[in-house]
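Novice: What follows is run_16.pdb, made up of PDB, C-alpha atoms:
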ATOM      1  CA  MET G  10      84.168 134.870  76.818  1.00  0.00           C
ATOM      2  CA  ARG G  11      84.942 135.728  80.441  1.00  0.00           C
ATOM      3  CA  GLU G  12      82.375 133.180  81.637  1.00  0.00           C
ATOM      4  CA  LEU G  13      84.183 130.529  79.589  1.00  0.00           C
ATOM      5  CA  GLY G  14      87.397 131.401  81.422  1.00  0.00           C
ATOM      6  CA  VAL G  15      88.924 133.157  78.414  1.00  0.00           C
ATOM      7  CA  CYS G  16      91.148 136.125  79.227  1.00  0.00           C
ATOM      8  CA  SER G  17      92.441 138.172  76.292  1.00  0.00           C
ATOM      9  CA  ASP G  18      95.848 138.884  77.834  1.00  0.00           C
ATOM     10  CA  LYS G  19      96.832 135.239  78.464  1.00  0.00           C
ATOM     11  CA  HIS G  20      98.186 132.774  75.920  1.00  0.00           C
ATOM     12  CA  LEU G  21      95.267 130.653  74.721  1.00  0.00           C
ATOM     13  CA  VAL G  22      95.564 127.175  73.236  1.00  0.00           C
ATOM     14  CA  VAL G  23      92.610 126.023  71.138  1.00  0.00           C
ATOM     15  CA  TYR G  24      91.955 122.448  70.092  1.00  0.00           C
ATOM     16  CA  ASP G  25      89.297 120.215  68.618  1.00  0.00           C
ATOM     17  CA  GLU G  26      88.619 116.489  68.631  1.00  0.00           C
ATOM     18  CA  GLY G  27      91.576 115.777  66.397  1.00  0.00           C
ATOM     19  CA  ASN G  28      91.588 116.593  62.671  1.00  0.00           C
ATOM     20  CA  LEU G  29      92.018 120.365  62.788  1.00  0.00           C
ATOM     21  CA  PHE G  30      88.459 120.915  61.621  1.00  0.00           C
ATOM     22  CA  SER G  31      87.287 123.634  64.007  1.00  0.00           C
ATOM     23  CA  ALA G  32      90.385 124.730  65.966  1.00  0.00           C
ATOM     24  CA  PRO G  33      91.738 126.868  63.080  1.00  0.00           C
ATOM     25  CA  ARG G  34      88.382 128.661  62.866  1.00  0.00           C
ATOM     26  CA  ALA G  35      88.472 129.360  66.624  1.00  0.00           C
ATOM     27  CA  TRP G  36      92.088 130.591  66.279  1.00  0.00           C
ATOM     28  CA  TRP G  37      91.083 132.965  63.478  1.00  0.00           C
ATOM     29  CA  MET G  38      88.007 134.263  65.338  1.00  0.00           C
ATOM     30  CA  LEU G  39      90.038 134.953  68.478  1.00  0.00           C
ATOM     31  CA  ARG G  40      92.699 136.779  66.445  1.00  0.00           C
ATOM     32  CA  THR G  41      90.001 138.784  64.643  1.00  0.00           C
ATOM     33  CA  PHE G  42      88.624 139.919  67.997  1.00  0.00           C
ATOM     34  CA  GLY G  43      91.958 141.024  69.423  1.00  0.00           C
ATOM     35  CA  VAL G  44      93.519 137.993  71.109  1.00  0.00           C
ATOM     36  CA  GLU G  45      97.186 138.214  70.161  1.00  0.00           C
ATOM     37  CA  LYS G  46      98.557 135.139  71.930  1.00  0.00           C
ATOM     38  CA  VAL G  47      96.659 132.111  70.639  1.00  0.00           C
ATOM     39  CA  SER G  48      97.954 128.774  69.378  1.00  0.00           C
ATOM     40  CA  ILE G  49      96.473 125.548  68.016  1.00  0.00           C
ATOM     41  CA  LEU G  50      97.271 122.293  69.831  1.00  0.00           C
ATOM     42  CA  ALA G  51      98.914 119.955  67.320  1.00  0.00           C
ATOM     43  CA  GLY G  52      97.066 116.640  67.329  1.00  0.00           C
ATOM     44  CA  GLY G  53      94.078 118.096  69.140  1.00  0.00           C
ATOM     45  CA  LEU G  54      92.387 116.450  72.102  1.00  0.00           C
ATOM     46  CA  GLU G  55      92.833 113.035  70.478  1.00  0.00           C
ATOM     47  CA  GLY G  56      96.622 113.467  70.386  1.00  0.00           C
ATOM     48  CA  TRP G  57      96.644 114.765  73.968  1.00  0.00           C
ATOM     49  CA  ARG G  58      94.789 111.628  75.091  1.00  0.00           C
ATOM     50  CA  ARG G  59      96.993 109.374  72.957  1.00  0.00           C
ATOM     51  CA  ASP G  60     100.057 110.816  74.706  1.00  0.00           C
ATOM     52  CA  GLU G  61      98.321 110.179  78.064  1.00  0.00           C
ATOM     53  CA  LEU G  62      98.644 113.797  79.155  1.00  0.00           C
ATOM     54  CA  PRO G  63      96.526 115.058  82.078  1.00  0.00           C
ATOM     55  CA  LEU G  64      92.936 116.198  81.568  1.00  0.00           C
ATOM     56  CA  GLU G  65      90.563 117.973  83.883  1.00  0.00           C
ATOM     57  CA  GLN G  66      86.826 118.508  83.938  1.00  0.00           C
ATOM     58  CA  GLY G  67      84.528 121.115  85.371  1.00  0.00           C
ATOM     59  CA  MET G  68      83.708 124.734  84.910  1.00  0.00           C
ATOM     60  CA  PRO G  69      86.586 127.161  84.368  1.00  0.00           C
ATOM     61  CA  GLU G  70      87.148 130.095  86.668  1.00  0.00           C
ATOM     62  CA  VAL G  71      85.694 133.340  85.365  1.00  0.00           C
ATOM     63  CA  ALA G  72      88.466 135.265  83.648  1.00  0.00           C
ATOM     64  CA  GLU G  73      89.618 138.685  84.753  1.00  0.00           C
ATOM     65  CA  GLU G  74      89.125 140.585  81.503  1.00  0.00           C
ATOM     66  CA  PHE G  75      88.312 139.989  77.881  1.00  0.00           C
ATOM     67  CA  ASP G  76      88.858 143.137  75.861  1.00  0.00           C
ATOM     68  CA  VAL G  77      87.351 142.948  72.402  1.00  0.00           C
ATOM     69  CA  ARG G  78      89.421 144.719  69.752  1.00  0.00           C
ATOM     70  CA  PHE G  79      87.702 143.855  66.491  1.00  0.00           C
ATOM     71  CA  ASP G  80      89.955 144.034  63.416  1.00  0.00           C
ATOM     72  CA  PRO G  81      87.610 144.772  60.488  1.00  0.00           C
ATOM     73  CA  GLN G  82      90.431 144.152  57.988  1.00  0.00           C
ATOM     74  CA  GLN G  83      90.115 140.419  58.713  1.00  0.00           C
ATOM     75  CA  ILE G  84      86.582 140.254  57.302  1.00  0.00           C
ATOM     76  CA  LYS G  85      85.584 140.754  53.681  1.00  0.00           C
ATOM     77  CA  ARG G  86      82.059 141.749  52.744  1.00  0.00           C
ATOM     78  CA  LEU G  87      80.184 140.234  49.830  1.00  0.00           C
ATOM     79  CA  THR G  88      80.836 143.364  47.767  1.00  0.00           C
ATOM     80  CA  ASP G  89      84.588 143.064  48.479  1.00  0.00           C
ATOM     81  CA  VAL G  90      84.636 139.440  47.330  1.00  0.00           C
ATOM     82  CA  LEU G  91      82.574 140.205  44.216  1.00  0.00           C
ATOM     83  CA  LEU G  92      84.991 142.989  43.288  1.00  0.00           C
ATOM     84  CA  VAL G  93      88.029 140.744  43.810  1.00  0.00           C
ATOM     85  CA  SER G  94      86.380 137.994  41.775  1.00  0.00           C
ATOM     86  CA  HIS G  95      85.733 140.426  38.926  1.00  0.00           C
ATOM     87  CA  GLU G  96      89.024 142.356  38.991  1.00  0.00           C
ATOM     88  CA  GLY G  97      91.401 139.625  40.172  1.00  0.00           C
ATOM     89  CA  SER G  98      93.027 142.049  42.621  1.00  0.00           C
ATOM     90  CA  ALA G  99      93.480 139.241  45.168  1.00  0.00           C
ATOM     91  CA  GLN G 100      93.231 135.465  45.246  1.00  0.00           C
ATOM     92  CA  ILE G 101      90.219 133.691  46.690  1.00  0.00           C
ATOM     93  CA  VAL G 102      91.311 130.380  48.212  1.00  0.00           C
ATOM     94  CA  ASP G 103      88.416 128.005  48.892  1.00  0.00           C
ATOM     95  CA  ALA G 104      89.168 125.322  51.518  1.00  0.00           C
ATOM     96  CA  ARG G 105      86.140 123.112  50.828  1.00  0.00           C
ATOM     97  CA  PRO G 106      86.527 119.560  49.507  1.00  0.00           C
ATOM     98  CA  ALA G 107      86.910 119.381  45.714  1.00  0.00           C
ATOM     99  CA  ALA G 108      83.471 117.781  45.253  1.00  0.00           C
ATOM    100  CA  ARG G 109      81.734 120.780  46.844  1.00  0.00           C
ATOM    101  CA  PHE G 110      84.036 123.272  45.111  1.00  0.00           C
ATOM    102  CA  ASN G 111      83.207 121.706  41.738  1.00  0.00           C
ATOM    103  CA  GLY G 112      79.459 121.646  42.415  1.00  0.00           C
ATOM    104  CA  GLY G 113      79.152 117.880  42.587  1.00  0.00           C
ATOM    105  CA  ARG G 114      78.044 117.549  46.188  1.00  0.00           C
ATOM    106  CA  ARG G 115      74.815 119.005  47.509  1.00  0.00           C
ATOM    107  CA  THR G 116      75.203 121.946  49.863  1.00  0.00           C
ATOM    108  CA  ALA G 117      72.883 123.363  52.502  1.00  0.00           C
ATOM    109  CA  PRO G 118      69.360 124.306  51.384  1.00  0.00           C
ATOM    110  CA  GLY G 119      69.261 127.674  49.634  1.00  0.00           C
ATOM    111  CA  LEU G 120      72.937 127.644  48.626  1.00  0.00           C
ATOM    112  CA  ARG G 121      74.028 127.314  45.038  1.00  0.00           C
ATOM    113  CA  ARG G 122      76.482 124.633  44.020  1.00  0.00           C
ATOM    114  CA  GLY G 123      79.975 125.409  42.800  1.00  0.00           C
ATOM    115  CA  HIS G 124      82.417 128.143  43.718  1.00  0.00           C
ATOM    116  CA  ILE G 125      83.139 131.856  43.403  1.00  0.00           C
ATOM    117  CA  PRO G 126      84.410 132.626  39.883  1.00  0.00           C
ATOM    118  CA  GLY G 127      88.203 132.679  39.796  1.00  0.00           C
ATOM    119  CA  ALA G 128      88.599 130.959  43.176  1.00  0.00           C
ATOM    120  CA  LEU G 129      91.379 128.437  43.755  1.00  0.00           C
ATOM    121  CA  ASN G 130      90.634 125.173  45.552  1.00  0.00           C
ATOM    122  CA  VAL G 131      92.933 124.022  48.353  1.00  0.00           C
ATOM    123  CA  PRO G 132      90.883 121.469  50.341  1.00  0.00           C
ATOM    124  CA  TRP G 133      91.609 121.717  54.058  1.00  0.00           C
ATOM    125  CA  THR G 134      91.808 117.928  54.255  1.00  0.00           C
ATOM    126  CA  ASP G 135      94.903 118.045  52.018  1.00  0.00           C
ATOM    127  CA  LEU G 136      96.691 120.202  54.601  1.00  0.00           C
ATOM    128  CA  VAL G 137      96.465 117.858  57.583  1.00  0.00           C
ATOM    129  CA  ILE G 138      97.603 114.373  58.491  1.00  0.00           C
ATOM    130  CA  ASN G 139      96.778 112.582  61.738  1.00  0.00           C
ATOM    131  CA  GLY G 140      95.336 115.744  63.275  1.00  0.00           C
ATOM    132  CA  GLU G 141      98.375 117.907  62.565  1.00  0.00           C
ATOM    133  CA  LEU G 142      99.361 120.293  59.812  1.00  0.00           C
ATOM    134  CA  LYS G 143     101.731 118.845  57.263  1.00  0.00           C
ATOM    135  CA  THR G 144     105.284 120.198  57.137  1.00  0.00           C
ATOM    136  CA  VAL G 145     105.922 123.713  55.846  1.00  0.00           C
ATOM    137  CA  ASP G 146     107.523 122.281  52.691  1.00  0.00           C
ATOM    138  CA  GLU G 147     104.520 120.024  52.054  1.00  0.00           C
ATOM    139  CA  LEU G 148     102.107 122.916  52.635  1.00  0.00           C
ATOM    140  CA  ASN G 149     104.056 125.185  50.286  1.00  0.00           C
ATOM    141  CA  ASP G 150     103.996 122.485  47.595  1.00  0.00           C
ATOM    142  CA  ILE G 151     100.237 121.996  47.959  1.00  0.00           C
ATOM    143  CA  PHE G 152      99.453 125.714  47.748  1.00  0.00           C
ATOM    144  CA  LEU G 153     101.812 126.280  44.816  1.00  0.00           C
ATOM    145  CA  ARG G 154     100.429 123.250  42.967  1.00  0.00           C
ATOM    146  CA  GLN G 155      96.933 124.737  43.311  1.00  0.00           C
ATOM    147  CA  GLY G 156      98.106 128.058  41.863  1.00  0.00           C
ATOM    148  CA  VAL G 157      98.362 130.160  45.032  1.00  0.00           C
ATOM    149  CA  ASP G 158     100.863 133.017  44.746  1.00  0.00           C
ATOM    150  CA  PHE G 159     102.172 133.971  48.198  1.00  0.00           C
ATOM    151  CA  GLU G 160     103.190 137.401  46.900  1.00  0.00           C
ATOM    152  CA  ARG G 161      99.554 138.399  46.236  1.00  0.00           C
ATOM    153  CA  PRO G 162      96.763 139.102  48.746  1.00  0.00           C
ATOM    154  CA  ILE G 163      94.662 136.080  49.730  1.00  0.00           C
ATOM    155  CA  ILE G 164      91.034 135.886  50.809  1.00  0.00           C
ATOM    156  CA  ALA G 165      90.228 132.579  52.502  1.00  0.00           C
ATOM    157  CA  SER G 166      86.823 130.986  52.075  1.00  0.00           C
ATOM    158  CA  CYS G 167      85.197 127.797  53.328  1.00  0.00           C
ATOM    159  CA  GLY G 168      81.756 126.290  53.716  1.00  0.00           C
ATOM    160  CA  SER G 169      80.841 128.534  56.625  1.00  0.00           C
ATOM    161  CA  GLY G 170      82.067 131.965  55.614  1.00  0.00           C
TER     162      GLY G 170
END
Could you render the structure from this file as C-alpha cells?

Specialist:
Amino acid sequence: MRELGVCSDKHLVVYDEGNLFSAPRAWWMLRTFGVEKVSILAGGLEGWRRDELPLEQGMPEVAEEFDVRFDPQQIKRLTDVLLVSHEGSAQIVDARPAARFNGGRRTAPGLRRGHIPGALNVPWTDLVINGELKTVDELNDIFLRQGVDFERPIIASCGSG
C-alpha cells in the first residue's frame, strides 16, 4: 500500500471508471484493514473528467506509513453464513443482478447457480444512477421493497465474496 502512495492516516478518496462497480469494494477493503478516513468519489473518474477537473499522471510518492489494523468482525466465514442462513439470525443481502441471484445466468466454472437460502436480492445496479448513488430516500425505498429490515444485522454478499 505504501508503494501505491496510500497512507493510512490521510483521508483517501477511491473511485472507479464511473458506475460505482469497484470503488465500494475498495472502500470496504480499506475500512476492513483499518483506514478510517476513506470516501468514494461520486461520479467516479468519468464524472471528474466530465466536469473538466484536473488530472495528473505518473507514479505516486511512497507514503510515510500504512498501519494495517484488520477488523475480523467485517468478514464472515462460510460456517457463519451457513448458520445465519439456517437460523435466520441475520439477513443476507445479495447484490448480484437478479438473473444470477435466481440461477438463470451462468456463473464462473465450478460455482453453483442460484443464491444462499433465505438471502434477499438487492441488485447493486438498482442503487446507482449515472455513476452516483441514488438519494437516501430512494435507497431506503429499494431496500425496504426487497424486504431488508434495517433493525436487524445484515451480511452483504456479491459475486466475489

Novice: Enumerate, in order of chain and increasing residue number, the residues of region 32-88 of chain G with an atom no farther than 12 Å from region 153-167 of chain G, each with its shortest atom pair and distance in Å to one decimal, counting all atoms listed in the file, as a Markdown table.

Specialist:
| residue | atom | partner | partner_atom | distance |
| --- | --- | --- | --- | --- |
| G:Pro33 | CA | G:Cys167 | CA | 11.8 |
| G:Arg34 | CA | G:Cys167 | CA | 10.1 |
| G:Trp37 | CA | G:Ala165 | CA | 11.0 |
| G:Gln82 | CA | G:Ile164 | CA | 11.0 |
| G:Gln83 | CA | G:Ile164 | CA | 9.2 |
| G:Ile84 | CA | G:Ile164 | CA | 9.0 |
| G:Lys85 | CA | G:Ile164 | CA | 7.9 |
| G:Arg86 | CA | G:Ile164 | CA | 10.9 |
| G:Leu87 | CA | G:Ser166 | CA | 11.6 |

Novice: Write out, as a PDB file, in the coordinates of the input, the residues just selected, with C-alpha atoms.

Specialist:
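The new file selection-v5.pdb reads:
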ATOM      1  CA  PRO G  33      91.738 126.868  63.080  1.00  0.00           C
ATOM      2  CA  ARG G  34      88.382 128.661  62.866  1.00  0.00           C
ATOM      3  CA  TRP G  37      91.083 132.965  63.478  1.00  0.00           C
ATOM      4  CA  GLN G  82      90.431 144.152  57.988  1.00  0.00           C
ATOM      5  CA  GLN G  83      90.115 140.419  58.713  1.00  0.00           C
ATOM      6  CA  ILE G  84      86.582 140.254  57.302  1.00  0.00           C
ATOM      7  CA  LYS G  85      85.584 140.754  53.681  1.00  0.00           C
ATOM      8  CA  ARG G  86      82.059 141.749  52.744  1.00  0.00           C
ATOM      9  CA  LEU G  87      80.184 140.234  49.830  1.00  0.00           C
TER      10      LEU G  87
END

Novice: Could you please determine the separation between CA of Ala128 (chain G) and CA of Phe79 (chain G) in Å, to one decimal place?

Specialist: 26.7 Å

Novice: Taking the file as shown, what set of residues would the PyMOL selection byres ((chain G and resi 110) around 12) give back, as a PyMOL selection string?

Specialist: chain G and resi 102-109+111-116+121-133+166-168

Novice: Would you output that residue set with C-alpha atoms, as a compact mmCIF listing (two decimals), in the coordinates of the input?

Specialist:
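Writing the result to result03.txt gives the following:
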# COMPACT_ATOMS: atom_id res chain seq x y z
CA VAL G 102 91.31 130.38 48.21
CA ASP G 103 88.42 128.00 48.89
CA ALA G 104 89.17 125.32 51.52
CA ARG G 105 86.14 123.11 50.83
CA PRO G 106 86.53 119.56 49.51
CA ALA G 107 86.91 119.38 45.71
CA ALA G 108 83.47 117.78 45.25
CA ARG G 109 81.73 120.78 46.84
CA ASN G 111 83.21 121.71 41.74
CA GLY G 112 79.46 121.65 42.42
CA GLY G 113 79.15 117.88 42.59
CA ARG G 114 78.04 117.55 46.19
CA ARG G 115 74.82 119.00 47.51
CA THR G 116 75.20 121.95 49.86
CA ARG G 121 74.03 127.31 45.04
CA ARG G 122 76.48 124.63 44.02
CA GLY G 123 79.97 125.41 42.80
CA HIS G 124 82.42 128.14 43.72
CA ILE G 125 83.14 131.86 43.40
CA PRO G 126 84.41 132.63 39.88
CA GLY G 127 88.20 132.68 39.80
CA ALA G 128 88.60 130.96 43.18
CA LEU G 129 91.38 128.44 43.76
CA ASN G 130 90.63 125.17 45.55
CA VAL G 131 92.93 124.02 48.35
CA PRO G 132 90.88 121.47 50.34
CA TRP G 133 91.61 121.72 54.06
CA SER G 166 86.82 130.99 52.08
CA CYS G 167 85.20 127.80 53.33
CA GLY G 168 81.76 126.29 53.72

Novice: What's the separation between CA of Gly53 (chain G) and CA of Glu12 (chain G), in Å to one decimal place?

Specialist: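 Calculated distance between CA of Gly53 (chain G) and CA of Glu12 (chain G) is 22.8 Å.
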
Novice: Could you list, as a short mmCIF file (atom, residue, chain, number, x, y, z; two decimals) with C-alpha atoms, keeping the file's coordinate frame, every residue matched by the PyMOL selection byres ((chain G and resi 139) around 10) in this structure?

Specialist:
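File produced: part-v1.cif:
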data_model
loop_
_atom_site.label_atom_id
_atom_site.label_comp_id
_atom_site.auth_asym_id
_atom_site.auth_seq_id
_atom_site.Cartn_x
_atom_site.Cartn_y
_atom_site.Cartn_z
CA GLY G 27 91.58 115.78 66.40
CA ASN G 28 91.59 116.59 62.67
CA LEU G 29 92.02 120.36 62.79
CA ALA G 51 98.91 119.96 67.32
CA GLY G 52 97.07 116.64 67.33
CA GLY G 53 94.08 118.10 69.14
CA GLU G 55 92.83 113.04 70.48
CA GLY G 56 96.62 113.47 70.39
CA VAL G 137 96.46 117.86 57.58
CA ILE G 138 97.60 114.37 58.49
CA GLY G 140 95.34 115.74 63.28
CA GLU G 141 98.38 117.91 62.56
CA LEU G 142 99.36 120.29 59.81
CA LYS G 143 101.73 118.84 57.26
#

Novice: Would you translate the PyMOL selection byres ((chain G and resi 69) around 7) into the concrete set of residues it matches in this file, as a ChimeraX atom specification?

Specialist: /G:13-14,67-68,70-71

Novice: Work out how far CA of Leu92 (chain G) is from CA of Thr134 (chain G), in Å to one decimal.

Specialist: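 Between CA of Thr134 (chain G) and CA of Leu92 (chain G) the gap works out to 28.2 Å.
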
Novice: Tell me, as a ChimeraX atom specification, which residues lie within 8 Å of region 38-49 of chain G, counting all atoms listed in the file; anything in the same chain fewer than 2 positions away does not count.

Specialist: /G:17-24,32-36,51,53,76-81,83

Novice: Skip Glu73 (chain G) itself and residues of its chain fewer than 2 positions away, then list as a list in words all residues within 8 Å of it, counting only C-alpha atoms.

Specialist: Arg11, Cys16, Val71 and Phe75 of chain G

Novice: Around all of region 75-90 of chain G's listed atoms, make the axis-aligned box with 3 Å on each side and tell me centre and edge lengths in Å to one decimal, as lines of an AutoDock Vina configuration file.

Specialist:
center_x = 85.3
center_y = 142.1
center_z = 62.6
size_x = 16.2
size_y = 11.3
size_z = 36.6
